[in-house]
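Engineer: File upload_10.txt below, compact mmCIF, C-alpha atoms and all ligand atoms:
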# COMPACT_ATOMS: atom_id res chain seq x y z
CA MET E 192 0.00 0.00 0.00
CA ASP E 193 1.52 3.36 -1.02
CA ASP E 194 1.76 6.40 1.24
CA MET E 195 -1.17 8.14 -0.43
CA THR E 196 -3.48 5.18 0.25
CA ARG E 197 -2.21 5.08 3.82
CA PHE E 198 -3.23 8.69 4.32
CA ASP E 199 -6.68 7.76 2.97
CA MET E 200 -6.87 4.93 5.51
CA ASP E 201 -5.89 7.33 8.30
CA ASP E 202 -8.70 9.62 7.14
CA ALA E 203 -11.09 6.68 7.04
CA ALA E 204 -10.14 5.73 10.62
CA ARG E 205 -10.71 9.30 11.81
CA ALA E 206 -14.02 9.40 9.94
CA ILE E 207 -15.20 6.32 11.85
CA LEU E 208 -14.32 7.94 15.17
CA ALA E 209 -16.17 11.10 14.06
CA LYS E 210 -19.21 9.10 12.92
CA ASN E 211 -19.36 7.16 16.20
CA ASP E 212 -18.97 10.32 18.32
CA ARG E 213 -22.13 10.98 20.37
CA GLY E 214 -20.90 14.13 22.12
CA GLY E 215 -17.48 13.69 23.74
CA TYR E 216 -17.78 9.93 23.90
CA THR E 217 -17.59 7.31 21.18
CA VAL E 218 -19.91 4.33 20.75
CA PRO E 219 -18.07 1.11 19.76
CA THR E 220 -20.24 0.92 16.63
CA ASP E 221 -23.66 2.20 15.62
CA ARG E 222 -26.74 0.19 16.79
CA LEU E 223 -24.97 -3.01 17.99
CA TYR E 224 -23.24 -1.08 20.81
CA PRO E 225 -25.01 2.30 21.10
CA PHE E 226 -23.56 3.56 24.45
CA GLN E 227 -20.12 4.23 25.94
CA TRP E 228 -18.19 1.04 26.72
CA ASN E 229 -15.34 1.15 29.23
CA TRP E 230 -12.31 -0.50 27.61
CA ASP E 231 -13.41 0.42 24.09
CA SER E 232 -13.25 4.07 25.11
CA ALA E 233 -9.81 3.73 26.66
CA PHE E 234 -8.42 2.34 23.38
CA VAL E 235 -10.31 5.01 21.46
CA ALA E 236 -8.73 7.72 23.63
CA MET E 237 -5.30 6.44 22.58
CA GLY E 238 -6.40 6.60 18.94
CA PHE E 239 -7.57 10.19 19.39
CA ALA E 240 -4.25 11.01 21.10
CA THR E 241 -2.52 10.54 17.72
CA TYR E 242 -4.25 13.67 16.32
CA ASP E 243 -6.61 15.39 18.82
CA VAL E 244 -5.52 15.31 22.46
CA ASP E 245 -8.35 17.50 23.67
CA ARG E 246 -10.85 14.96 22.31
CA ALA E 247 -8.77 12.12 23.78
CA TYR E 248 -9.18 13.68 27.25
CA ARG E 249 -12.93 14.12 26.66
CA GLU E 250 -13.31 10.40 25.99
CA LEU E 251 -11.82 9.54 29.38
CA GLU E 252 -13.62 12.38 31.17
CA ARG E 253 -16.98 11.20 29.89
CA LEU E 254 -16.19 7.63 30.95
CA ALA E 255 -15.25 8.88 34.42
CA GLU E 256 -18.71 10.50 34.68
CA GLY E 257 -19.98 6.96 35.15
CA GLN E 258 -17.64 6.18 38.07
CA TRP E 259 -19.45 5.00 41.20
CA ASP E 260 -18.81 6.42 44.66
CA ASP E 261 -16.96 3.22 45.62
CA GLY E 262 -14.50 3.71 42.71
CA MET E 263 -15.93 1.16 40.26
CA ILE E 264 -15.96 2.33 36.62
CA PRO E 265 -18.83 0.46 34.95
CA HIS E 266 -18.57 -1.40 31.70
CA ILE E 267 -21.35 0.65 30.07
CA VAL E 268 -22.35 4.28 30.64
CA PHE E 269 -25.84 4.88 29.24
CA HIS E 270 -25.44 8.60 28.50
CA ALA E 271 -28.46 8.70 26.17
CA PRO E 272 -31.31 6.26 25.51
CA SER E 273 -31.30 3.74 22.67
CA ASP E 274 -33.62 0.81 21.93
CA THR E 275 -31.13 -1.11 19.75
CA TYR E 276 -29.34 -2.86 22.67
CA PHE E 277 -30.25 -5.40 25.36
CA PRO E 278 -29.84 -5.34 28.37
CA GLY E 279 -30.54 -1.64 28.87
CA PRO E 280 -30.56 0.42 32.10
CA ASP E 281 -33.92 -0.96 33.29
CA VAL E 282 -32.44 -4.46 33.51
CA TRP E 283 -29.34 -3.34 35.42
CA GLY E 284 -31.35 -1.27 37.91
CA THR E 285 -28.29 0.54 39.30
CA LYS E 286 -28.47 3.74 41.35
CA HIS E 287 -25.71 6.00 39.97
CA ARG E 288 -26.57 9.61 39.06
CA ILE E 289 -26.44 8.67 35.37
CA PRO E 290 -27.59 5.19 34.28
CA THR E 291 -24.80 2.62 34.06
CA SER E 292 -24.38 -1.13 34.05
CA GLY E 293 -23.36 -2.73 37.36
CA ILE E 294 -20.23 -4.63 36.33
CA THR E 295 -16.87 -3.40 35.07
CA GLN E 296 -14.39 -4.12 32.26
CA PRO E 297 -10.59 -4.30 31.82
CA PRO E 298 -9.04 -1.12 33.30
CA VAL E 299 -7.17 0.07 30.22
CA PHE E 300 -8.00 3.56 31.58
CA GLY E 301 -4.61 3.96 33.33
CA MET E 302 -2.68 2.98 30.20
CA ALA E 303 -4.77 5.40 28.15
CA LEU E 304 -4.30 8.21 30.66
CA ARG E 305 -0.53 7.95 30.48
CA CYS E 306 -0.66 7.93 26.67
CA VAL E 307 -3.00 10.95 26.53
CA HIS E 308 -1.03 12.86 29.19
CA GLU E 309 2.24 12.36 27.32
CA ALA E 310 0.68 13.37 23.98
CA ALA E 311 -0.88 16.46 25.60
CA THR E 312 2.37 17.46 27.26
CA GLU E 313 4.23 17.10 23.98
CA ALA E 314 1.56 19.13 22.18
CA GLY E 315 1.73 21.82 24.91
CA LEU E 316 -2.01 21.61 25.72
CA PRO E 317 -2.43 24.39 28.32
CA ASP E 318 -4.76 22.56 30.75
CA ALA E 319 -3.11 19.13 30.38
CA ARG E 320 -1.76 18.92 33.92
CA GLU E 321 -5.04 19.77 35.64
CA ARG E 322 -7.08 17.43 33.44
CA SER E 323 -4.59 14.59 33.96
CA ARG E 324 -4.59 15.20 37.71
CA VAL E 325 -8.37 14.78 37.97
CA LEU E 326 -8.31 11.61 35.84
CA PHE E 327 -5.32 10.26 37.78
CA GLN E 328 -7.39 10.46 40.98
CA ALA E 329 -10.31 8.69 39.26
CA ALA E 330 -7.97 5.92 38.09
CA LEU E 331 -6.40 5.54 41.53
CA ARG E 332 -9.82 5.19 43.17
CA HIS E 333 -10.72 2.61 40.52
CA HIS E 334 -7.58 0.56 41.20
CA ARG E 335 -8.29 0.66 44.94
CA TRP E 336 -11.78 -0.69 44.19
CA TRP E 337 -10.30 -3.51 42.11
CA LEU E 338 -7.97 -4.65 44.88
CA SER E 339 -10.48 -4.43 47.69
CA ALA E 340 -13.65 -5.61 45.90
CA ARG E 341 -12.10 -8.23 43.63
CA ASP E 342 -9.12 -9.51 45.60
CA PRO E 343 -10.38 -9.31 49.18
CA ASP E 344 -7.97 -12.07 50.27
CA GLY E 345 -4.91 -10.28 48.88
CA THR E 346 -3.83 -13.05 46.48
CA GLY E 347 -2.46 -10.69 43.83
CA LEU E 348 -5.07 -11.79 41.27
CA VAL E 349 -8.32 -9.93 40.68
CA ALA E 350 -11.51 -11.84 39.92
CA ILE E 351 -14.25 -11.36 37.39
CA LEU E 352 -17.82 -12.12 38.45
CA HIS E 353 -19.33 -12.00 34.95
CA PRO E 354 -17.86 -13.06 31.56
CA TRP E 355 -18.82 -9.63 30.16
CA GLU E 356 -16.35 -8.07 32.60
CA SER E 357 -13.48 -9.79 30.82
CA GLY E 358 -14.48 -8.25 27.49
CA SER E 359 -14.06 -11.78 26.08
CA ASP E 360 -17.73 -12.66 26.56
CA ASN E 361 -17.96 -16.26 25.33
CA SER E 362 -14.30 -17.28 25.56
CA PRO E 363 -13.70 -21.04 25.98
CA ALA E 364 -11.90 -20.02 29.18
CA TRP E 365 -15.32 -19.75 30.87
CA ASP E 366 -16.90 -22.94 29.51
CA VAL E 367 -16.48 -25.07 32.65
CA ALA E 368 -17.05 -22.31 35.21
CA PHE E 369 -19.98 -20.78 33.32
CA ALA E 370 -21.76 -24.14 32.92
CA ARG E 371 -22.42 -24.01 36.68
CA VAL E 372 -24.46 -20.82 36.33
CA PRO E 373 -28.20 -21.57 36.24
CA THR E 374 -30.10 -20.69 33.07
CA ASP E 375 -33.30 -19.35 34.63
CA THR E 376 -33.84 -15.59 34.55
CA ARG E 377 -36.27 -13.13 36.12
CA THR E 378 -35.76 -10.80 33.17
CA ALA E 379 -37.27 -11.58 29.78
CA ILE E 380 -34.42 -11.89 27.29
CA ARG E 381 -34.88 -9.74 24.19
CA ARG E 382 -31.67 -10.09 22.21
CA ARG E 383 -31.12 -7.10 19.95
CA ASP E 384 -27.60 -8.10 18.81
CA LEU E 385 -28.99 -10.71 16.39
CA GLY E 386 -30.80 -7.96 14.49
CA HIS E 387 -27.43 -6.38 13.66
CA VAL E 388 -25.02 -9.33 13.26
CA ASP E 389 -25.31 -12.93 11.97
CA SER E 390 -26.20 -15.29 14.85
CA ALA E 391 -23.34 -17.61 13.77
CA MET E 392 -20.91 -14.93 14.97
CA ARG E 393 -22.52 -14.19 18.34
CA PRO E 394 -22.82 -16.07 21.67
CA HIS E 395 -25.56 -18.72 21.89
CA ASP E 396 -28.98 -18.15 23.53
CA ILE E 397 -27.99 -20.36 26.46
CA ASP E 398 -24.99 -18.08 27.09
CA TYR E 399 -27.40 -15.13 27.24
CA GLN E 400 -29.60 -16.97 29.75
CA ARG E 401 -26.58 -17.32 32.02
CA PHE E 402 -25.36 -13.75 31.36
CA ILE E 403 -28.75 -12.44 32.44
CA HIS E 404 -29.09 -14.87 35.36
CA LEU E 405 -25.95 -13.25 36.82
CA VAL E 406 -27.25 -9.72 36.17
CA ASP E 407 -30.52 -10.62 37.96
CA LEU E 408 -28.60 -12.09 40.90
CA TYR E 409 -26.28 -9.10 41.33
CA ARG E 410 -29.20 -6.67 41.07
CA GLU E 411 -30.81 -8.63 43.93
CA CYS E 412 -27.52 -8.23 45.85
CA GLY E 413 -28.02 -4.45 45.56
CA TRP E 414 -24.75 -4.29 43.58
CA ASP E 415 -22.89 -4.63 46.89
CA PRO E 416 -19.43 -6.10 46.08
CA ALA E 417 -19.16 -8.12 49.31
CA VAL E 418 -22.62 -9.65 48.91
CA GLN E 419 -21.93 -10.48 45.26
CA TRP E 420 -18.59 -12.05 46.23
CA ALA E 421 -20.35 -14.28 48.76
CA ARG E 422 -23.30 -15.30 46.57
CA THR E 423 -21.90 -15.63 43.04
CA PRO E 424 -21.67 -19.02 41.31
CA PHE E 425 -19.09 -17.58 38.84
CA LYS E 426 -15.77 -16.29 40.19
CA VAL E 427 -12.57 -16.48 38.15
CA ALA E 428 -9.21 -15.03 39.24
CA GLU E 429 -8.42 -13.83 35.76
CA ILE E 430 -5.00 -13.26 34.25
CA GLN E 431 -5.96 -10.93 31.39
CA MET E 432 -7.76 -8.60 33.78
CA THR E 433 -4.96 -8.75 36.34
CA SER E 434 -2.34 -8.11 33.64
CA ILE E 435 -4.14 -5.04 32.33
CA LEU E 436 -4.65 -3.78 35.88
CA ALA E 437 -0.95 -4.29 36.60
CA ARG E 438 0.16 -2.54 33.41
CA SER E 439 -2.17 0.37 34.13
CA THR E 440 -0.82 0.50 37.69
CA ALA E 441 2.72 0.73 36.32
CA ASP E 442 1.58 3.58 34.05
CA LEU E 443 -0.09 5.39 36.95
CA LEU E 444 3.15 5.00 38.90
CA VAL E 445 4.99 6.84 36.12
CA LEU E 446 2.31 9.55 36.12
CA ALA E 447 2.47 9.78 39.91
CA GLU E 448 6.00 11.20 39.60
CA GLY E 449 4.45 14.46 38.43
CA LEU E 450 0.80 14.18 39.49
CA GLY E 451 0.71 12.22 42.75
CA THR E 452 1.96 12.41 46.33
CA THR E 453 4.71 10.32 47.95
CA ASP E 454 2.05 8.24 49.70
CA GLU E 455 0.23 7.59 46.43
CA ARG E 456 3.49 6.53 44.80
CA SER E 457 4.22 3.99 47.51
CA GLU E 458 0.60 2.79 47.43
CA LEU E 459 0.85 2.20 43.66
CA ARG E 460 4.21 0.48 44.07
CA GLY E 461 2.63 -1.88 46.65
CA MET E 462 -0.30 -2.62 44.31
CA LEU E 463 2.05 -3.35 41.42
CA ASP E 464 4.29 -5.68 43.43
CA ARG E 465 1.24 -7.61 44.66
CA LEU E 466 -0.24 -8.01 41.15
CA VAL E 467 3.04 -8.98 39.48
CA ALA E 468 3.69 -11.61 42.17
CA GLY E 469 0.15 -12.98 41.71
CA LEU E 470 0.60 -13.23 37.94
CA ALA E 471 4.05 -14.83 38.17
CA ARG E 472 2.53 -17.75 40.10
CA ARG E 473 0.19 -18.54 37.21
CA TRP E 474 2.95 -19.63 34.74
CA ARG E 475 2.57 -23.23 33.54
CA PRO E 476 5.73 -24.48 31.74
CA ARG E 477 3.87 -27.48 30.31
CA LEU E 478 1.56 -25.12 28.40
CA ASN E 479 4.11 -22.37 27.58
CA ARG E 480 1.69 -19.77 28.95
CA PHE E 481 -0.09 -18.49 32.05
CA VAL E 482 -3.50 -19.71 33.28
CA SER E 483 -6.46 -18.26 35.21
CA LEU E 484 -7.91 -19.87 38.34
CA ASP E 485 -11.53 -20.94 38.85
CA LEU E 486 -12.17 -19.76 42.42
CA ILE E 487 -15.28 -21.90 42.83
CA SER E 488 -13.64 -25.26 41.94
CA GLY E 489 -10.08 -24.24 42.84
CA GLU E 490 -8.87 -25.57 39.46
CA ASP E 491 -6.61 -24.07 36.81
CA ILE E 492 -8.36 -22.99 33.61
CA GLU E 493 -6.26 -24.58 30.90
CA ALA E 494 -8.36 -23.76 27.81
CA PRO E 495 -6.02 -22.06 25.34
CA THR E 496 -6.98 -18.41 24.86
CA GLN E 497 -5.18 -15.14 24.17
CA ALA E 498 -5.31 -14.36 27.91
CA GLY E 499 -2.43 -16.81 28.48
CA PHE E 500 0.01 -14.27 27.01
CA MET E 501 -1.33 -11.08 28.59
CA PRO E 502 0.88 -11.33 31.71
CA LEU E 503 3.77 -10.22 29.47
CA LEU E 504 2.31 -6.73 29.95
CA ALA E 505 3.50 -6.77 33.55
CA VAL E 506 5.75 -9.75 34.28
CA THR E 507 9.41 -9.94 33.25
CA LEU E 508 9.98 -13.40 31.76
CA ASP E 509 13.17 -15.35 32.34
CA ASP E 510 15.12 -16.62 29.31
CA ALA E 511 13.42 -20.03 29.19
CA GLN E 512 9.95 -18.47 29.48
CA ARG E 513 10.77 -15.89 26.81
CA GLU E 514 11.87 -18.56 24.36
CA ALA E 515 8.83 -20.76 25.10
CA VAL E 516 6.36 -17.89 24.76
CA ALA E 517 7.90 -16.66 21.49
CA ALA E 518 7.63 -20.14 19.95
CA GLU E 519 4.08 -20.65 21.25
CA ILE E 520 2.83 -17.29 19.96
CA ALA E 521 4.45 -17.93 16.58
CA ARG E 522 2.60 -21.28 16.46
CA TRP E 523 -0.75 -19.61 17.22
CA CYS E 524 -0.08 -16.92 14.58
CA ASP E 525 0.27 -19.45 11.76
CA ASN E 526 -2.97 -18.31 10.11
CA ALA E 527 -4.21 -16.24 7.17
CA VAL E 528 -3.82 -12.96 9.04
CA GLY E 529 -0.54 -13.78 10.80
CA ALA E 530 -1.82 -12.44 14.12
CA LEU E 531 -2.69 -13.81 17.58
CA PRO E 532 -6.18 -15.40 17.59
CA SER E 533 -8.49 -15.46 20.63
CA THR E 534 -8.48 -19.29 20.43
CA PRO E 535 -5.92 -21.20 18.34
CA SER E 536 -7.04 -23.32 15.40
CA PHE E 537 -5.65 -26.50 17.02
CA SER E 538 -8.16 -26.22 19.88
CA PRO E 539 -11.18 -28.56 19.53
CA VAL E 540 -13.52 -25.66 20.37
CA PHE E 541 -12.04 -23.28 17.76
CA GLU E 542 -14.69 -21.43 15.72
CA PRO E 543 -13.16 -18.90 13.33
CA LYS E 544 -16.13 -16.52 13.20
CA ARG E 545 -17.82 -16.88 16.58
CA TYR E 546 -16.95 -13.91 18.74
CA TRP E 547 -14.20 -14.86 21.27
CA ARG E 548 -13.82 -18.49 20.21
CA GLY E 549 -11.24 -18.01 17.45
CA PRO E 550 -11.35 -14.57 15.79
CA ILE E 551 -8.47 -12.10 15.75
CA TRP E 552 -9.01 -8.79 17.53
CA ALA E 553 -6.90 -5.72 16.80
CA VAL E 554 -6.79 -4.50 20.41
CA ILE E 555 -5.71 -7.91 21.71
CA ASN E 556 -2.78 -7.91 19.31
CA TRP E 557 -2.01 -4.33 20.37
CA LEU E 558 -1.74 -5.50 24.00
CA ALA E 559 0.17 -8.66 23.08
CA ALA E 560 2.66 -6.59 21.09
CA ASP E 561 3.10 -4.22 24.06
CA GLY E 562 3.86 -7.23 26.27
CA LEU E 563 6.31 -8.70 23.78
CA ARG E 564 8.16 -5.37 23.50
CA SER E 565 8.41 -5.11 27.29
CA ASN E 566 9.96 -8.58 27.26
CA GLY E 567 12.65 -7.99 24.65
CA LEU E 568 10.79 -9.51 21.70
CA PRO E 569 10.38 -6.47 19.42
CA GLN E 570 10.42 -8.36 16.13
CA LEU E 571 7.52 -10.58 17.05
CA ALA E 572 5.72 -7.50 18.41
CA THR E 573 6.18 -5.67 15.13
CA SER E 574 4.95 -8.67 13.17
CA LEU E 575 1.66 -8.55 15.15
CA ASP E 576 1.32 -4.80 14.58
CA ARG E 577 1.91 -5.25 10.87
CA ALA E 578 -0.45 -8.20 10.54
CA ILE E 579 -3.30 -6.15 12.04
CA VAL E 580 -2.56 -3.13 9.85
CA ARG E 581 -2.58 -5.36 6.77
CA ALA E 582 -5.84 -7.08 7.78
CA ILE E 583 -7.54 -3.71 8.20
CA GLU E 584 -6.15 -2.34 4.94
CA ARG E 585 -7.38 -5.41 3.07
CA THR E 586 -10.87 -5.76 4.49
CA GLY E 587 -11.83 -2.70 6.55
CA PHE E 588 -12.38 -1.57 10.14
CA PHE E 589 -14.29 -4.63 11.32
CA GLU E 590 -14.89 -5.68 14.90
CA TYR E 591 -12.61 -8.68 14.35
CA PHE E 592 -11.08 -10.95 11.67
CA ASP E 593 -11.52 -14.60 10.72
CA PRO E 594 -8.10 -16.26 11.14
CA VAL E 595 -8.80 -18.85 8.45
CA THR E 596 -9.89 -16.56 5.62
CA GLY E 597 -8.70 -13.15 6.85
CA GLU E 598 -12.23 -11.75 6.29
CA GLY E 599 -13.58 -9.01 8.53
CA ALA E 600 -16.52 -10.09 10.73
CA GLY E 601 -18.86 -8.98 13.54
CA GLY E 602 -19.79 -5.29 13.52
CA ASP E 603 -18.42 -2.91 10.86
CA ALA E 604 -16.99 0.63 11.23
CA PHE E 605 -15.73 -0.28 14.68
CA SER E 606 -14.21 2.49 16.80
CA TRP E 607 -11.50 0.48 18.56
CA THR E 608 -10.36 -1.06 15.28
CA ALA E 609 -10.04 2.48 13.85
CA ALA E 610 -8.08 3.54 16.96
CA ALA E 611 -5.86 0.46 16.68
CA TYR E 612 -5.11 1.31 13.04
CA LEU E 613 -4.04 4.84 13.95
CA VAL E 614 -1.72 3.60 16.71
CA LEU E 615 -0.37 0.39 15.17
CA ARG E 616 0.29 1.84 11.70
CA ARG E 617 2.54 4.47 13.26
CA ARG E 618 4.64 1.91 15.06
CA ALA E 619 4.49 -0.81 12.34
CA GLY E 620 6.48 1.33 9.87
CA ASN E 621 6.55 0.71 6.15
CA GLY E 622 6.81 -3.07 6.42
CA ALA E 623 3.04 -3.23 6.93
CA SER E 624 2.46 -3.32 3.18
CA ASP E 625 0.77 -6.25 1.41
CA LYS E 626 4.12 -7.28 -0.05
CA GLY E 627 5.62 -10.26 1.67
CA SER E 628 2.48 -11.29 3.50
C1 LIG E 701 -22.48 -7.41 24.62
O1 LIG E 701 -23.59 -7.02 24.94
O2 LIG E 701 -22.22 -8.12 23.64
C2 LIG E 701 -21.33 -6.93 25.38
O3 LIG E 701 -20.14 -7.53 25.02
C3 LIG E 701 -21.54 -6.86 26.84
O4 LIG E 701 -20.68 -5.88 27.22
Rewrite the coordinates I just gave you, this time as structure tokens.
Ligand code: DGY
Structural biologist:
Amino acid sequence: MDDMTRFDMDDAARAILAKNDRGGYTVPTDRLYPFQWNWDSAFVAMGFATYDVDRAYRELERLAEGQWDDGMIPHIVFHAPSDTYFPGPDVWGTKHRIPTSGITQPPVFGMALRCVHEAATEAGLPDARERSRVLFQAALRHHRWWLSARDPDGTGLVAILHPWESGSDNSPAWDVAFARVPTDTRTAIRRRDLGHVDSAMRPHDIDYQRFIHLVDLYRECGWDPAVQWARTPFKVAEIQMTSILARSTADLLVLAEGLGTTDERSELRGMLDRLVAGLARRWRPRLNRFVSLDLISGEDIEAPTQAGFMPLLAVTLDDAQREAVAAEIARWCDNAVGALPSTPSFSPVFEPKRYWRGPIWAVINWLAADGLRSNGLPQLATSLDRAIVRAIERTGFFEYFDPVTGEGAGGDAFSWTAAAYLVLRRRAGNGASDKGS
């Protein structure tokens, strides 16, 4: 792809972010996801930071409007009504001053804040320091919530209480743990997603029954974290979530040099040490990756998913681990796109088009590449960046990509795919062309 076409693609990515803008926040895509989603917005803020830092701040500020008094930042903020999505605010029944869901999502917020702060400082944005300071405090309160509400025993791993919290809704990682969740619901299920996307790409109806069973249960718990912790049938100490939290904590620690107090710096250092130690214990040499822990059964979750490599974001691998991980990731990336899939094709449950059971996601490869770079594997990192850039340039800004055919799938004109293009193309360099792929 020549430079001129690249500029067109940059324009197309910016046009998607403009089209999905609903007033200072960006919906993931029109109709399928018509509100502000937590980790989508954090990635989007980093995309905006490549050309409009004021707008990048707005994305995070609008997300922080949804933060609860206890520090939790919800996975959806329902800023304005829409009837194209289920479950809406009436099902969640939360009590925040603006309607939100009652669960959370991966805290990419801290990573995004560091990125936006550095871009704003470089651009000389006059109010950068004050805006970053306010968001830094929001992030710190959110991290405190994570450690107290989701790791009350101080294990160094934070737990998810709903698959939607992971962002990887129907990942094979949950199959065993999720099968224990009853399928009865008090809420009538009215799936709207199937009106926008082929049902062969989305979770099954029985998954939705369990998703909504958990929402009903937590609503009955009054959204009290301690009551939920005691009553939930689904509790997974999750390595992707913990890795993102740890990486964001490390980024907040860097920001704390200029924006925080001495006490806040030592608090963040303590959090980071605890999370990194928790993650390090989850390495399984037999599998060449890390594993999550089912807190209800006490068993390792060995299903192969992208989460197994996310600890690279925070943990420093030794030489043997580095070699094993590099070979394992290369094996998983032997597909039409050349990128890390959510489930590898050698897994018996691999489905190339069904949501988190095989497809390739741009933001996952973005995180994986970050982890590889932190662990002295820059070439493999760049090959992931380039594979994603090529996939987008060939097929468009889709929600995700089929690893067998390379086709785009799920929703179209997706905000975080546009943001990923803007970020990854800059660091992928010229080798991202179709030549040699
Ligand atoms: C959905 O509704 O598909 C979402 O992933 C939940 O956040």
Engineer: For Trp420 of chain E, which residue out of E:Arg371, E:His270, E:Arg341, E:Arg213 is the nearest one, using all atoms listed in the file?
Structural biologist: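 Using all atoms listed in the file, the shortest distance to Trp420 of chain E belongs to E:Arg341.
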Engineer: Using only C-alpha atoms, find each residue in segment 362-382 of chain E having at least one atom no more than 8 Å away from segment 399-411 of chain E; report its shortest atom-to-atom pair and that distance in Å (one decimal), rows by chain then rising number, as a Markdown table.
Structural biologist:
| residue | atom | partner | partner_atom | distance |
| --- | --- | --- | --- | --- |
| E:Phe369 | CA | E:Arg401 | CA | 7.6 |
| E:Val372 | CA | E:Arg401 | CA | 5.9 |
| E:Pro373 | CA | E:Arg401 | CA | 6.2 |
| E:Thr374 | CA | E:Arg401 | CA | 5.0 |
| E:Asp375 | CA | E:His404 | CA | 6.2 |
| E:Thr376 | CA | E:His404 | CA | 4.9 |
| E:Arg377 | CA | E:Asp407 | CA | 6.5 |
| E:Thr378 | CA | E:Asp407 | CA | 7.1 |
| E:Ile380 | CA | E:Gln400 | CA | 7.4 |
Engineer: If you take all atoms listed in the file and a cut-off of 8 Å, which residues of chain E touch ligand LIG 701 (chain E), and what are their nearest atom pairs and distances in Å to one decimal, in chain and number order, as a tab-separated table?
Structural biologist:
residue	atom	partner	partner_atom	distance
E:Tyr224	CA	E:LIG701	O1	7.2
E:Trp228	CA	E:LIG701	O4	7.4
E:His266	CA	E:LIG701	O4	6.7
E:Ile267	CA	E:LIG701	O4	7.2
E:Tyr276	CA	E:LIG701	O1	7.5
E:Phe277	CA	E:LIG701	O1	6.9
E:Pro278	CA	E:LIG701	O1	7.3
E:Trp355	CA	E:LIG701	C3	5.1
E:Glu356	CA	E:LIG701	O4	7.2
E:Gly358	CA	E:LIG701	O3	6.2
E:Ser359	CA	E:LIG701	O3	7.5
E:Asp360	CA	E:LIG701	O3	5.9
E:Asp384	CA	E:LIG701	O2	7.2
Engineer: Report, in Å with one decimal, the straight-line distance from atom CA of Phe481 of chain E to atom CA of Ala494 of chain E.
Structural biologist: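 Atom-to-atom, atom CA of Phe481 of chain E to atom CA of Ala494 of chain E, that is 10.7 Å.
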Engineer: Counting all atoms listed in the file, which residue out of E:Thr220, E:Ser483, E:Gln328, E:Gln570 sits closest to Leu450 of chain E?
Structural biologist: E:Gln328
Engineer: Determine, counting all atoms listed in the file, every residue of protein, DNA or RNA that lies within 10 Å of (1.3, 18.0, 30.5) in the file coordinates, then give the result as a list of chain:residue names.
Structural biologist: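 Checking each residue against the 10 Å limit leaves E:Val307, E:His308, E:Glu309, E:Ala310, E:Ala311, E:Thr312, E:Glu313, E:Ala314, E:Gly315, E:Leu316, E:Pro317, E:Asp318, E:Ala319, E:Arg320, E:Glu321, E:Arg322, E:Ser323, E:Arg324, E:Gly449, E:Leu450.
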Engineer: Given the selection you just returned, output its residues as a file containing C-alpha atoms, formatted as a JSON list (two decimals), in the frame of the given file.
Structural biologist:
[["chain", "number", "residue", "atom", "x", "y", "z"],
["E", 307, "VAL", "CA", -3.00, 10.95, 26.53],
["E", 308, "HIS", "CA", -1.03, 12.86, 29.19],
["E", 309, "GLU", "CA", 2.24, 12.36, 27.32],
["E", 310, "ALA", "CA", 0.68, 13.37, 23.98],
["E", 311, "ALA", "CA", -0.88, 16.46, 25.60],
["E", 312, "THR", "CA", 2.37, 17.46, 27.26],
["E", 313, "GLU", "CA", 4.23, 17.10, 23.98],
["E", 314, "ALA", "CA", 1.56, 19.13, 22.18],
["E", 315, "GLY", "CA", 1.73, 21.82, 24.91],
["E", 316, "LEU", "CA", -2.01, 21.61, 25.72],
["E", 317, "PRO", "CA", -2.43, 24.39, 28.32],
["E", 318, "ASP", "CA", -4.76, 22.56, 30.75],
["E", 319, "ALA", "CA", -3.11, 19.13, 30.38],
["E", 320, "ARG", "CA", -1.76, 18.92, 33.92],
["E", 321, "GLU", "CA", -5.04, 19.77, 35.64],
["E", 322, "ARG", "CA", -7.08, 17.43, 33.44],
["E", 323, "SER", "CA", -4.59, 14.59, 33.96],
["E", 324, "ARG", "CA", -4.59, 15.20, 37.71],
["E", 449, "GLY", "CA", 4.45, 14.46, 38.43],
["E", 450, "LEU", "CA", 0.80, 14.18, 39.49]]
Engineer: With all atoms listed in the file as the counted atoms, please give the residues lying no more than 7 Å from Gly597 of chain E, apart from itself and same-chain residues fewer than 2 positions off, as a PyMOL selection string.
Structural biologist: chain E and resi 527-528+582+592-595+599
Engineer: Excluding same-chain residues fewer than 3 positions from Leu326 of chain E, what lies within 8 Å of it counting all atoms listed in the file, as a list in words?
Structural biologist: Leu251, Glu252, Ala255, Leu304, Arg322, Ser323, Ala329 and Ala330 of chain E
Engineer: Which residues, written as number ranges by chain, have at least one atom at most 12 Å from segment 198-206 of chain E, with only C-alpha atoms counted and residues fewer than 3 positions away on the same chain left out?
Structural biologist: E: 192-195, 209-212, 217, 235, 238-243, 246, 580-581, 583-589, 603-617
Engineer: Work out how far apart atom CA of Lys426 of chain E and atom CA of Gly489 of chain E are and give it in Å to one decimal.
Structural biologist: 10.1 Å
